[in-house]
$ cat data23.tsv   # TSV, C-alpha atoms (C1' of nucleotides)
chain	number	residue	atom	x	y	z
A	1	MET	CA	-18.71	-17.55	-30.19
A	2	GLY	CA	-21.43	-17.41	-27.56
A	3	SER	CA	-22.03	-14.25	-25.59
A	4	GLN	CA	-23.21	-16.08	-22.50
A	5	MET	CA	-19.92	-17.68	-21.60
A	6	SER	CA	-18.87	-17.26	-18.02
A	7	GLU	CA	-15.50	-16.04	-16.95
A	8	GLN	CA	-14.62	-19.49	-15.72
A	9	LYS	CA	-15.05	-21.15	-19.09
A	10	THR	CA	-11.94	-21.37	-21.19
A	11	ASN	CA	-13.60	-20.42	-24.44
A	12	SER	CA	-13.71	-16.74	-23.51
A	13	LEU	CA	-11.07	-14.79	-25.35
A	14	CYS	CA	-7.67	-14.55	-23.74
A	15	CYS	CA	-6.24	-11.05	-23.41
A	16	ASP	CA	-3.53	-11.79	-25.96
A	17	GLU	CA	-6.08	-12.59	-28.66
A	18	LEU	CA	-7.90	-9.29	-28.26
A	19	PRO	CA	-7.07	-6.11	-30.12
A	20	SER	CA	-5.43	-3.74	-27.65
A	21	ARG	CA	-7.89	-1.49	-25.90
A	22	THR	CA	-8.46	1.95	-27.36
A	23	TRP	CA	-10.07	5.02	-25.81
A	24	GLU	CA	-13.68	4.08	-26.22
A	25	ASP	CA	-16.82	6.05	-26.74
A	26	GLY	CA	-19.74	4.88	-24.66
A	27	CYS	CA	-21.14	2.53	-27.30
A	28	LYS	CA	-18.08	0.32	-27.44
A	29	ILE	CA	-17.83	-0.42	-23.72
A	30	GLU	CA	-20.45	-3.14	-24.01
A	31	GLN	CA	-18.46	-4.96	-26.67
A	32	LEU	CA	-15.25	-4.51	-24.70
A	33	LEU	CA	-16.84	-6.25	-21.72
A	34	ARG	CA	-18.30	-9.03	-23.85
A	35	ASP	CA	-14.96	-9.61	-25.53
A	36	HIS	CA	-13.50	-10.26	-22.10
A	37	GLY	CA	-16.30	-12.60	-21.08
A	38	MET	CA	-17.92	-10.16	-18.67
A	39	THR	CA	-21.66	-9.56	-18.58
A	40	PRO	CA	-22.16	-5.90	-19.51
A	41	THR	CA	-24.18	-4.75	-16.50
A	42	ASN	CA	-25.27	-1.16	-15.95
A	43	GLN	CA	-22.71	-0.72	-13.19
A	44	ARG	CA	-19.78	-2.06	-15.23
A	45	MET	CA	-20.79	0.07	-18.21
A	46	GLU	CA	-21.01	3.14	-16.01
A	47	ILE	CA	-17.53	2.47	-14.63
A	48	GLY	CA	-16.20	1.70	-18.10
A	49	ARG	CA	-17.62	4.89	-19.58
A	50	VAL	CA	-15.95	6.94	-16.86
A	51	ILE	CA	-12.49	5.38	-16.84
A	52	PHE	CA	-12.13	4.52	-20.53
A	53	SER	CA	-13.14	7.95	-21.82
A	54	LYS	CA	-9.62	9.27	-21.28
A	55	PRO	CA	-6.38	8.26	-19.54
A	56	MET	CA	-6.78	8.68	-15.82
A	57	HIS	CA	-5.43	7.74	-12.40
A	58	PHE	CA	-7.80	7.13	-9.51
A	59	THR	CA	-8.42	5.24	-6.29
A	60	ALA	CA	-11.45	3.02	-5.76
A	61	GLU	CA	-12.89	5.67	-3.45
A	62	GLU	CA	-12.45	8.42	-6.04
A	63	LEU	CA	-14.01	6.28	-8.75
A	64	HIS	CA	-16.95	5.57	-6.47
A	65	ARG	CA	-17.41	9.31	-6.01
A	66	ILE	CA	-17.41	10.16	-9.72
A	67	THR	CA	-19.64	7.33	-10.91
A	68	GLY	CA	-23.41	7.27	-10.56
A	69	ASN	CA	-24.06	10.55	-12.38
A	70	HIS	CA	-25.56	8.91	-15.46
A	71	GLY	CA	-28.51	7.23	-13.79
A	72	PHE	CA	-26.80	4.14	-12.38
A	73	GLN	CA	-25.64	3.92	-8.79
A	74	VAL	CA	-22.53	1.86	-8.15
A	75	SER	CA	-21.80	0.66	-4.62
A	76	ILE	CA	-18.27	0.73	-3.26
A	77	ALA	CA	-18.28	-3.08	-3.11
A	78	THR	CA	-19.07	-3.22	-6.82
A	79	VAL	CA	-16.36	-0.67	-7.57
A	80	TYR	CA	-13.78	-2.90	-5.88
A	81	ASN	CA	-15.28	-5.98	-7.46
A	82	THR	CA	-15.26	-4.47	-10.94
A	83	LEU	CA	-11.74	-3.02	-10.64
A	84	GLY	CA	-10.55	-6.46	-9.59
A	85	ARG	CA	-12.07	-8.01	-12.69
A	86	PHE	CA	-10.82	-5.28	-14.99
A	87	LEU	CA	-7.35	-5.75	-13.50
A	88	LYS	CA	-7.46	-9.50	-14.09
A	89	HIS	CA	-8.40	-8.89	-17.72
A	90	GLY	CA	-5.74	-6.25	-18.23
A	91	LEU	CA	-8.19	-3.39	-18.72
A	92	VAL	CA	-6.65	-1.36	-15.90
A	93	ARG	CA	-3.28	-1.31	-14.12
A	94	GLU	CA	-2.46	-0.98	-10.44
A	95	VAL	CA	-0.03	1.74	-9.40
A	96	ILE	CA	1.38	1.33	-5.92
A	97	VAL	CA	3.16	4.43	-4.70
A	98	GLU	CA	1.68	5.19	-1.29
A	99	PRO	CA	1.19	3.07	1.81
A	100	GLY	CA	-2.37	2.01	2.46
A	101	LYS	CA	-3.97	2.89	-0.84
A	102	VAL	CA	-4.00	1.59	-4.38
A	103	TYR	CA	-4.17	3.79	-7.45
A	104	TYR	CA	-5.58	2.45	-10.70
A	105	ASP	CA	-4.50	3.56	-14.15
A	106	SER	CA	-6.76	3.27	-17.18
A	107	THR	CA	-3.70	3.30	-19.45
A	108	THR	CA	-2.34	-0.22	-19.66
A	109	THR	CA	0.46	0.15	-22.19
A	110	PRO	CA	3.95	0.16	-20.63
A	111	HIS	CA	4.86	3.52	-19.13
A	112	HIS	CA	6.16	5.04	-15.92
A	113	HIS	CA	5.01	7.63	-13.39
A	114	TYR	CA	5.78	10.90	-11.76
A	115	TYR	CA	4.29	10.99	-8.27
A	116	ASP	CA	3.87	14.33	-6.55
A	117	VAL	CA	4.36	13.48	-2.89
A	118	GLU	CA	2.68	16.70	-1.77
A	119	THR	CA	-0.49	16.54	-3.86
A	120	GLY	CA	-0.72	12.79	-4.41
A	121	MET	CA	-1.11	13.36	-8.16
A	122	LEU	CA	0.21	10.83	-10.67
A	123	HIS	CA	1.40	11.70	-14.18
A	124	ASP	CA	2.44	9.34	-16.93
A	125	ILE	CA	5.95	9.19	-18.32
A	126	ASP	CA	6.09	7.70	-21.79
A	127	SER	CA	8.33	4.65	-22.07
A	128	ALA	CA	10.10	6.35	-24.97
A	129	ASP	CA	11.11	9.24	-22.70
A	130	LEU	CA	12.59	7.18	-19.89
A	131	ARG	CA	15.04	4.41	-20.61
A	132	VAL	CA	15.93	1.75	-18.07
A	133	SER	CA	19.10	-0.14	-18.90
A	134	GLY	CA	21.25	-2.48	-16.96
A	135	LEU	CA	22.39	-5.99	-16.36
A	136	TYR	CA	19.43	-7.91	-15.15
A	137	ASN	CA	21.22	-10.49	-13.11
A	138	LEU	CA	18.03	-12.44	-12.57
A	139	PRO	CA	17.75	-15.36	-10.18
A	140	PRO	CA	17.64	-18.62	-12.18
A	141	GLY	CA	14.20	-19.67	-13.39
A	142	LYS	CA	12.78	-16.17	-13.06
A	143	GLU	CA	11.66	-13.76	-15.73
A	144	ILE	CA	10.65	-10.12	-15.73
A	145	GLU	CA	6.95	-9.43	-15.40
A	146	SER	CA	7.27	-5.65	-15.45
A	147	VAL	CA	9.68	-2.79	-14.85
A	148	GLU	CA	8.07	0.09	-13.03
A	149	VAL	CA	9.73	3.43	-12.41
A	150	VAL	CA	8.30	5.96	-10.01
A	151	VAL	CA	9.89	9.41	-9.97
A	152	ARG	CA	8.88	11.13	-6.76
A	153	LEU	CA	8.55	14.90	-7.06
A	154	ARG	CA	8.43	17.61	-4.46
A	155	SER	CA	8.37	21.40	-4.59
A	156	LYS	CA	11.75	23.10	-5.01
A	157	GLN	CA	13.11	24.50	-1.71
B	1	MET	CA	25.98	19.46	22.78
B	2	GLY	CA	23.53	18.17	25.36
B	3	SER	CA	22.42	14.58	25.28
B	4	GLN	CA	18.94	15.36	26.55
B	5	MET	CA	17.76	17.29	23.56
B	6	SER	CA	14.33	16.36	22.30
B	7	GLU	CA	13.51	15.60	18.70
B	8	GLN	CA	11.62	18.85	18.44
B	9	LYS	CA	14.58	21.02	19.31
B	10	THR	CA	16.58	22.26	16.37
B	11	ASN	CA	19.96	21.67	17.92
B	12	SER	CA	19.82	17.96	17.23
B	13	LEU	CA	21.96	17.02	14.28
B	14	CYS	CA	20.38	17.14	10.86
B	15	CYS	CA	20.76	14.00	8.75
B	16	ASP	CA	23.01	15.80	6.27
B	17	GLU	CA	25.52	16.64	8.98
B	18	LEU	CA	25.89	13.05	10.10
B	19	PRO	CA	28.37	10.55	8.68
B	20	SER	CA	26.39	8.11	6.55
B	21	ARG	CA	25.21	5.12	8.51
B	22	THR	CA	27.36	2.02	8.42
B	23	TRP	CA	26.53	-1.56	9.37
B	24	GLU	CA	26.80	-1.29	13.07
B	25	ASP	CA	27.79	-3.65	15.78
B	26	GLY	CA	25.62	-3.58	18.86
B	27	CYS	CA	27.74	-1.05	20.74
B	28	LYS	CA	27.33	1.69	18.17
B	29	ILE	CA	23.53	1.66	18.00
B	30	GLU	CA	23.31	3.77	21.12
B	31	GLN	CA	25.49	6.48	19.60
B	32	LEU	CA	23.56	6.30	16.32
B	33	LEU	CA	20.32	6.99	18.17
B	34	ARG	CA	21.86	9.81	20.20
B	35	ASP	CA	23.30	11.39	17.08
B	36	HIS	CA	19.77	11.58	15.71
B	37	GLY	CA	18.34	13.07	18.89
B	38	MET	CA	16.57	9.88	19.93
B	39	THR	CA	16.68	8.57	23.48
B	40	PRO	CA	18.37	5.15	23.28
B	41	THR	CA	15.73	3.03	24.98
B	42	ASN	CA	15.96	-0.72	25.31
B	43	GLN	CA	13.30	-1.23	22.65
B	44	ARG	CA	14.93	1.06	20.10
B	45	MET	CA	18.32	-0.55	20.71
B	46	GLU	CA	16.82	-4.01	20.26
B	47	ILE	CA	15.24	-2.95	16.96
B	48	GLY	CA	18.42	-1.21	15.87
B	49	ARG	CA	20.60	-4.23	16.65
B	50	VAL	CA	18.33	-6.45	14.56
B	51	ILE	CA	17.90	-4.26	11.48
B	52	PHE	CA	21.30	-2.58	11.35
B	53	SER	CA	23.31	-5.78	11.69
B	54	LYS	CA	22.98	-6.46	7.97
B	55	PRO	CA	20.98	-5.23	4.95
B	56	MET	CA	17.42	-6.50	5.20
B	57	HIS	CA	13.87	-6.06	4.00
B	58	PHE	CA	10.99	-6.56	6.40
B	59	THR	CA	7.48	-5.55	7.34
B	60	ALA	CA	6.55	-4.14	10.74
B	61	GLU	CA	4.89	-7.45	11.59
B	62	GLU	CA	7.99	-9.45	10.64
B	63	LEU	CA	10.22	-7.15	12.65
B	64	HIS	CA	7.92	-7.54	15.63
B	65	ARG	CA	8.27	-11.30	15.32
B	66	ILE	CA	12.07	-11.33	15.20
B	67	THR	CA	12.70	-8.82	17.98
B	68	GLY	CA	12.43	-9.58	21.68
B	69	ASN	CA	14.93	-12.45	21.68
B	70	HIS	CA	17.63	-10.52	23.53
B	71	GLY	CA	15.70	-9.89	26.73
B	72	PHE	CA	13.64	-6.88	25.68
B	73	GLN	CA	10.04	-7.20	24.53
B	74	VAL	CA	8.90	-4.74	21.87
B	75	SER	CA	5.20	-4.18	21.33
B	76	ILE	CA	3.79	-3.82	17.84
B	77	ALA	CA	2.86	-0.21	18.59
B	78	THR	CA	6.46	0.54	19.48
B	79	VAL	CA	7.67	-1.20	16.32
B	80	TYR	CA	5.48	1.09	14.20
B	81	ASN	CA	6.42	4.08	16.32
B	82	THR	CA	10.14	3.36	16.07
B	83	LEU	CA	10.08	2.62	12.34
B	84	GLY	CA	8.28	5.93	11.83
B	85	ARG	CA	11.02	7.77	13.70
B	86	PHE	CA	13.82	5.88	11.96
B	87	LEU	CA	12.17	6.71	8.63
B	88	LYS	CA	11.95	10.39	9.48
B	89	HIS	CA	15.66	10.39	10.35
B	90	GLY	CA	16.65	8.51	7.21
B	91	LEU	CA	17.79	5.39	9.07
B	92	VAL	CA	15.42	3.15	7.09
B	93	ARG	CA	13.60	3.41	3.74
B	94	GLU	CA	10.07	2.46	2.81
B	95	VAL	CA	9.56	0.12	-0.12
B	96	ILE	CA	6.04	0.06	-1.48
B	97	VAL	CA	5.43	-2.79	-3.87
B	98	GLU	CA	2.30	-4.51	-2.66
B	99	PRO	CA	-1.15	-3.22	-1.77
B	100	GLY	CA	-1.91	-3.08	1.92
B	101	LYS	CA	1.55	-3.60	3.35
B	102	VAL	CA	4.74	-1.60	3.70
B	103	TYR	CA	8.20	-3.08	3.49
B	104	TYR	CA	11.12	-1.39	5.19
B	105	ASP	CA	14.69	-1.50	3.96
B	106	SER	CA	17.65	-1.03	6.29
B	107	THR	CA	19.80	0.02	3.33
B	108	THR	CA	19.24	3.71	2.72
B	109	THR	CA	21.74	4.46	-0.05
B	110	PRO	CA	20.11	4.82	-3.51
B	111	HIS	CA	19.33	1.48	-5.10
B	112	HIS	CA	16.48	-0.39	-6.74
B	113	HIS	CA	14.58	-3.62	-6.19
B	114	TYR	CA	13.64	-6.93	-7.65
B	115	TYR	CA	10.29	-8.04	-6.29
B	116	ASP	CA	9.32	-11.68	-6.58
B	117	VAL	CA	5.54	-11.54	-6.95
B	118	GLU	CA	5.17	-15.19	-5.99
B	119	THR	CA	7.26	-15.27	-2.82
B	120	GLY	CA	7.01	-11.61	-1.81
B	121	MET	CA	10.82	-11.44	-1.49
B	122	LEU	CA	12.70	-8.23	-2.19
B	123	HIS	CA	16.27	-8.08	-3.47
B	124	ASP	CA	18.45	-5.05	-3.96
B	125	ILE	CA	19.68	-3.90	-7.34
B	126	ASP	CA	22.77	-1.72	-7.09
B	127	SER	CA	22.37	1.71	-8.65
B	128	ALA	CA	25.50	1.06	-10.68
B	129	ASP	CA	23.85	-1.97	-12.31
B	130	LEU	CA	20.66	-0.27	-13.40
B	131	ARG	CA	20.73	3.03	-15.18
B	132	VAL	CA	17.66	5.23	-15.59
B	133	SER	CA	18.03	7.88	-18.27
B	134	GLY	CA	15.60	10.16	-19.95
B	135	LEU	CA	14.27	13.62	-20.33
B	136	TYR	CA	12.75	14.60	-17.08
B	137	ASN	CA	10.17	17.03	-18.33
B	138	LEU	CA	9.31	18.10	-14.80
B	139	PRO	CA	6.39	20.35	-13.94
B	140	PRO	CA	7.68	23.85	-13.13
B	141	GLY	CA	8.73	24.39	-9.52
B	142	LYS	CA	9.18	20.68	-8.87
B	143	GLU	CA	12.32	18.69	-8.25
B	144	ILE	CA	13.10	15.00	-8.02
B	145	GLU	CA	13.02	13.51	-4.55
B	146	SER	CA	13.83	9.96	-5.64
B	147	VAL	CA	13.77	7.60	-8.60
B	148	GLU	CA	12.60	4.14	-7.65
B	149	VAL	CA	12.64	1.17	-9.96
B	150	VAL	CA	10.85	-2.06	-9.13
B	151	VAL	CA	11.49	-5.04	-11.40
B	152	ARG	CA	8.72	-7.56	-10.82
B	153	LEU	CA	9.80	-11.16	-11.25
B	154	ARG	CA	7.85	-14.34	-11.76
B	155	SER	CA	8.78	-17.94	-12.48
B	156	LYS	CA	9.44	-18.79	-16.12
B	157	GLN	CA	6.39	-20.52	-17.63
C	1	DT	C1'	-35.34	-20.36	-15.47
C	2	DT	C1'	-30.72	-20.39	-14.40
C	3	DA	C1'	-26.55	-18.30	-13.61
C	4	DA	C1'	-24.31	-14.16	-12.74
C	5	DT	C1'	-24.21	-9.72	-10.37
C	6	DT	C1'	-25.19	-6.21	-6.96
C	7	DG	C1'	-24.90	-4.08	-2.55
C	8	DC	C1'	-25.38	-4.12	2.28
C	9	DA	C1'	-23.13	-5.17	6.36
C	10	DA	C1'	-19.84	-7.62	8.69
C	11	DA	C1'	-15.17	-9.21	8.65
C	12	DC	C1'	-10.43	-8.33	7.86
C	13	DA	C1'	-5.60	-6.57	7.73
C	14	DT	C1'	-2.69	-2.98	8.59
C	15	DT	C1'	-1.55	1.20	10.72
C	16	DT	C1'	-2.44	5.16	13.89
C	17	DT	C1'	-3.75	7.24	18.17
C	18	DG	C1'	-5.05	8.35	23.23
C	19	DC	C1'	-3.46	7.80	27.41
C	20	DA	C1'	-1.95	5.59	31.94
C	21	DG	C1'	2.05	3.84	33.72
C	22	DG	C1'	7.10	3.34	33.32
C	23	DT	C1'	11.85	4.91	31.99
C	24	DT	C1'	15.60	8.08	31.13
C	25	DC	C1'	18.48	11.70	32.28
D	1	DG	C1'	11.29	15.85	38.72
D	2	DA	C1'	10.37	16.82	33.99
D	3	DA	C1'	10.32	15.13	29.60
D	4	DC	C1'	10.09	11.30	26.99
D	5	DC	C1'	8.78	6.52	25.81
D	6	DT	C1'	6.11	2.16	25.98
D	7	DG	C1'	2.30	-0.64	25.20
D	8	DC	C1'	-2.45	-1.67	25.70
D	9	DA	C1'	-6.73	-1.05	23.68
D	10	DA	C1'	-9.60	1.46	20.75
D	11	DA	C1'	-10.09	3.86	16.44
D	12	DA	C1'	-9.19	4.66	11.76
D	13	DT	C1'	-8.37	3.21	7.04
D	14	DG	C1'	-8.74	0.62	2.99
D	15	DT	C1'	-10.21	-3.71	1.14
D	16	DT	C1'	-12.57	-8.28	0.98
D	17	DT	C1'	-16.29	-11.44	1.79
D	18	DG	C1'	-20.96	-13.80	2.82
D	19	DC	C1'	-25.27	-13.74	1.41
D	20	DA	C1'	-30.11	-12.34	0.18
D	21	DA	C1'	-32.29	-9.75	-3.38
D	22	DT	C1'	-31.97	-8.36	-8.17
D	23	DT	C1'	-30.74	-8.56	-13.02
D	24	DA	C1'	-29.22	-10.59	-17.47
D	25	DA	C1'	-29.80	-13.78	-21.05

$ encode --input "data23.tsv" --output "structure tokens"
Amino acid sequence: MGSQMSEQKTNSLCCDELPSRTWEDGCKIEQLLRDHGMTPTNQRMEIGRVIFSKPMHFTAEELHRITGNHGFQVSIATVYNTLGRFLKHGLVREVIVEPGKVYYDSTTTPHHHYYDVETGMLHDIDSADLRVSGLYNLPPGKEIESVEVVVRLRSKQ
Amino acid sequence: MGSQMSEQKTNSLCCDELPSRTWEDGCKIEQLLRDHGMTPTNQRMEIGRVIFSKPMHFTAEELHRITGNHGFQVSIATVYNTLGRFLKHGLVREVIVEPGKVYYDSTTTPHHHYYDVETGMLHDIDSADLRVSGLYNLPPGKEIESVEVVVRLRSKQ
DNA sequence: TTAATTGCAAACATTTTGCAGGTTC
DNA sequence: GAACCTGCAAAATGTTTGCAATTAA
């Protein structure tokens, strides 16, 4: 399969056909991008190396602040642009817990979140540790895209 | 107890001391506001009559659009201002499901939500119909403020 | 060489704020 | 009359977009 395919062309691999993403060392980011039909530019590789090195939660602004330390500047526009593409390809997840800002999560397997309302910190809750059960009395013709649980935490007293 | 107390003074009733809010007819909105230490102005009464007449989900912009039909104009600044106060007093809930906009919910008892990602519509899920269970391995010193489940829906196929 | 990408700056959408004038008690 | 509230307009915040210059293949 060609490596020059654009994202518009339908011969780029669909997410479902790809092996699920693992925590990559730097060298594999390039292949990860190519597998998803994205040109592996310096900026995308820089972002990928930062966010795919370990599970993390971050805003676009925070990511912008922590990238650029390995020789490649990344503008805030490119951070947004790249996160948008990564999101579309299932490489990151959005977590929406606070008005007016979007958190991203580099773990994409199903899980839930603790949100500390005082510090703004997010922590993962494994799906195995938190069960959601109930009668999903869905409107006709609809199906579930995702079930997201946010447990808001505050300090005792 | 005086009726002129300001919101800052501590002799206004705390939420916990108040009977839980019921679906009010117009006449009771004034008392509801007074009970929470808020001056019952025309604008607040107009907003209260609209959102406490039945359970509803709305954005500030939508609320601004549907108020003002009973003789009292409400500016968008006052809508935001009033929703902020109502939120602080537990008269409405925030529902955060979409980047860049806040939904408000005039039902404040614990419940969860279906969110139709295509139409942007929210629907309540009764707490009795959806059980969340698991080991809450909370960080020390923290307690749960709320558990919020959002079930995202899309059209089949 | 051609198509894709970057990054600046401007545009945008939503929400917050300062303050002069108006309302409530 | 004093305290509080409204609403305009401006500011703040977070995100998106248009486009010229740059980079990848």

$ atom_distance --input "data23.tsv" --atom1 "atom CA of Leu32 of chain A" --atom2 "atom CA of Thr67 of chain A"
18.7 Å

$ residues_around --input "data23.tsv" --residues "segment 79-84 of chain B" --least-positions-apart "6" --cutoff "9 Å" --atoms "all atoms listed in the file" --output "number ranges by chain"
B: 43-44, 47, 60-61, 63-64, 91-92, 104; C: 15-16

$ interface_residues --input "data23.tsv" --of "chain B" --to "chain A" --cutoff "7 Å" --atoms "only C-alpha atoms" --output "ChimeraX atom specification"
/B:96-102,129-135,141-156

$ closest_residue --input "data23.tsv" --among "B:Thr119, B:Thr78, B:Thr39, B:Ser53" --to "chain C" --atoms "all atoms listed in the file"
B:Thr39

$ interface_residues --input "data23.tsv" --of "chain D" --to "chain A" --cutoff "12 Å" --atoms "all atoms listed in the file" --output "list in words"
DA12, DT13, DG14, DT15, DT16, DT17, DT22, DT23, DA24 and DA25 of chain D

$ write_last_selection --input "data23.tsv" --atoms "C-alpha atoms (C1' of nucleotides)" --output "compact mmCIF listing (two decimals), in the coordinates of the input"
# COMPACT_ATOMS: atom_id res chain seq x y z
C1' DA D 12 -9.19 4.66 11.76
C1' DT D 13 -8.37 3.21 7.04
C1' DG D 14 -8.74 0.62 2.99
C1' DT D 15 -10.21 -3.71 1.14
C1' DT D 16 -12.57 -8.28 0.98
C1' DT D 17 -16.29 -11.44 1.79
C1' DT D 22 -31.97 -8.36 -8.17
C1' DT D 23 -30.74 -8.56 -13.02
C1' DA D 24 -29.22 -10.59 -17.47
C1' DA D 25 -29.80 -13.78 -21.05

$ decode --input "data23.tsv" --residues "segment 3-19 of chain D" --atoms "N, CA, C and O atoms (P, O5', C5', C4', C3', O3' and C1' of nucleotides)" --output "compact mmCIF listing (two decimals), in the first residue's frame"
# COMPACT_ATOMS: atom_id res chain seq x y z
P DA D 3 -25.58 50.64 52.14
O5' DA D 3 -26.22 49.40 51.39
C5' DA D 3 -27.31 48.70 51.98
C4' DA D 3 -27.92 47.79 50.93
C3' DA D 3 -26.87 46.98 50.16
O3' DA D 3 -27.28 45.63 50.15
C1' DA D 3 -28.30 48.14 48.66
P DC D 4 -26.41 44.54 49.36
O5' DC D 4 -27.33 44.26 48.09
C5' DC D 4 -28.75 44.19 48.24
C4' DC D 4 -29.38 44.22 46.87
C3' DC D 4 -28.69 43.30 45.86
O3' DC D 4 -29.68 42.44 45.33
C1' DC D 4 -29.06 45.46 44.94
P DC D 5 -29.33 41.36 44.23
O5' DC D 5 -29.75 42.09 42.88
C5' DC D 5 -31.10 42.51 42.73
C4' DC D 5 -31.28 43.08 41.34
C3' DC D 5 -30.74 42.21 40.22
O3' DC D 5 -31.80 42.02 39.29
C1' DC D 5 -29.92 44.43 40.03
P DT D 6 -31.58 41.24 37.92
O5' DT D 6 -31.35 42.43 36.90
C5' DT D 6 -32.42 43.33 36.65
C4' DT D 6 -32.03 44.29 35.54
C3' DT D 6 -31.62 43.60 34.24
O3' DT D 6 -32.38 44.18 33.19
C1' DT D 6 -29.95 45.16 34.96
P DG D 7 -32.48 43.50 31.75
O5' DG D 7 -31.32 44.29 30.97
C5' DG D 7 -31.44 45.69 30.81
C4' DG D 7 -30.16 46.21 30.17
C3' DG D 7 -29.65 45.36 29.01
O3' DG D 7 -29.11 46.23 28.03
C1' DG D 7 -27.98 45.56 30.62
P DC D 8 -29.48 46.00 26.48
O5' DC D 8 -28.31 46.80 25.75
C5' DC D 8 -28.11 48.18 26.05
C4' DC D 8 -26.65 48.44 26.35
C3' DC D 8 -25.68 47.98 25.26
O3' DC D 8 -25.22 49.12 24.55
C1' DC D 8 -24.84 47.62 27.49
P DA D 9 -24.44 48.91 23.15
O5' DA D 9 -22.93 48.95 23.64
C5' DA D 9 -22.53 49.84 24.67
C4' DA D 9 -21.15 49.43 25.15
C3' DA D 9 -20.25 48.92 24.05
O3' DA D 9 -18.94 49.42 24.25
C1' DA D 9 -20.40 47.31 25.76
P DA D 10 -17.80 49.18 23.13
O5' DA D 10 -16.59 48.65 24.03
C5' DA D 10 -16.43 49.13 25.36
C4' DA D 10 -15.64 48.13 26.16
C3' DA D 10 -14.47 47.51 25.38
O3' DA D 10 -13.33 47.48 26.21
C1' DA D 10 -15.86 45.80 26.26
P DA D 11 -11.95 46.84 25.70
O5' DA D 11 -11.86 45.50 26.56
C5' DA D 11 -12.05 45.58 27.97
C4' DA D 11 -12.00 44.19 28.55
C3' DA D 11 -10.80 43.36 28.10
O3' DA D 11 -10.26 42.74 29.25
C1' DA D 11 -12.80 42.17 27.66
P DA D 12 -8.83 41.97 29.17
O5' DA D 12 -9.30 40.47 29.36
C5' DA D 12 -10.30 40.18 30.32
C4' DA D 12 -10.74 38.74 30.15
C3' DA D 12 -9.62 37.80 29.72
O3' DA D 12 -9.63 36.71 30.62
C1' DA D 12 -11.51 37.55 28.30
P DT D 13 -8.42 35.62 30.56
O5' DT D 13 -9.09 34.38 29.82
C5' DT D 13 -10.41 33.99 30.17
C4' DT D 13 -10.88 32.92 29.21
C3' DT D 13 -9.76 32.02 28.67
O3' DT D 13 -10.06 30.69 29.05
C1' DT D 13 -11.22 32.75 26.94
P DG D 14 -8.93 29.52 28.82
O5' DG D 14 -9.50 28.77 27.54
C5' DG D 14 -10.87 28.38 27.54
C4' DG D 14 -11.25 27.94 26.15
C3' DG D 14 -10.23 27.04 25.45
O3' DG D 14 -10.94 25.95 24.89
C1' DG D 14 -10.76 28.89 24.09
P DT D 15 -10.17 24.79 24.08
O5' DT D 15 -10.52 25.17 22.58
C5' DT D 15 -11.90 25.32 22.23
C4' DT D 15 -12.02 25.81 20.82
C3' DT D 15 -11.25 24.99 19.78
O3' DT D 15 -12.22 24.40 18.91
C1' DT D 15 -11.03 27.33 19.42
P DT D 16 -11.77 23.61 17.58
O5' DT D 16 -11.91 24.74 16.47
C5' DT D 16 -13.12 25.46 16.36
C4' DT D 16 -13.06 26.37 15.14
C3' DT D 16 -12.58 25.69 13.85
O3' DT D 16 -13.51 26.06 12.84
C1' DT D 16 -11.30 27.63 14.29
P DT D 17 -13.33 25.55 11.33
O5' DT D 17 -12.66 26.80 10.60
C5' DT D 17 -13.18 28.10 10.83
C4' DT D 17 -12.42 29.10 9.96
C3' DT D 17 -11.94 28.55 8.61
O3' DT D 17 -12.21 29.54 7.63
C1' DT D 17 -10.13 29.44 9.83
P DG D 18 -12.06 29.23 6.07
O5' DG D 18 -11.06 30.36 5.59
C5' DG D 18 -11.23 31.71 6.04
C4' DG D 18 -10.12 32.58 5.46
C3' DG D 18 -9.63 32.19 4.06
O3' DG D 18 -9.23 33.38 3.39
C1' DG D 18 -7.89 31.86 5.64
P DC D 19 -8.73 33.37 1.89
O5' DC D 19 -7.14 33.40 2.01
C5' DC D 19 -6.52 34.34 2.89
C4' DC D 19 -5.03 34.04 2.99
C3' DC D 19 -4.41 33.49 1.70
O3' DC D 19 -3.15 34.09 1.51
C1' DC D 19 -3.91 32.08 3.47
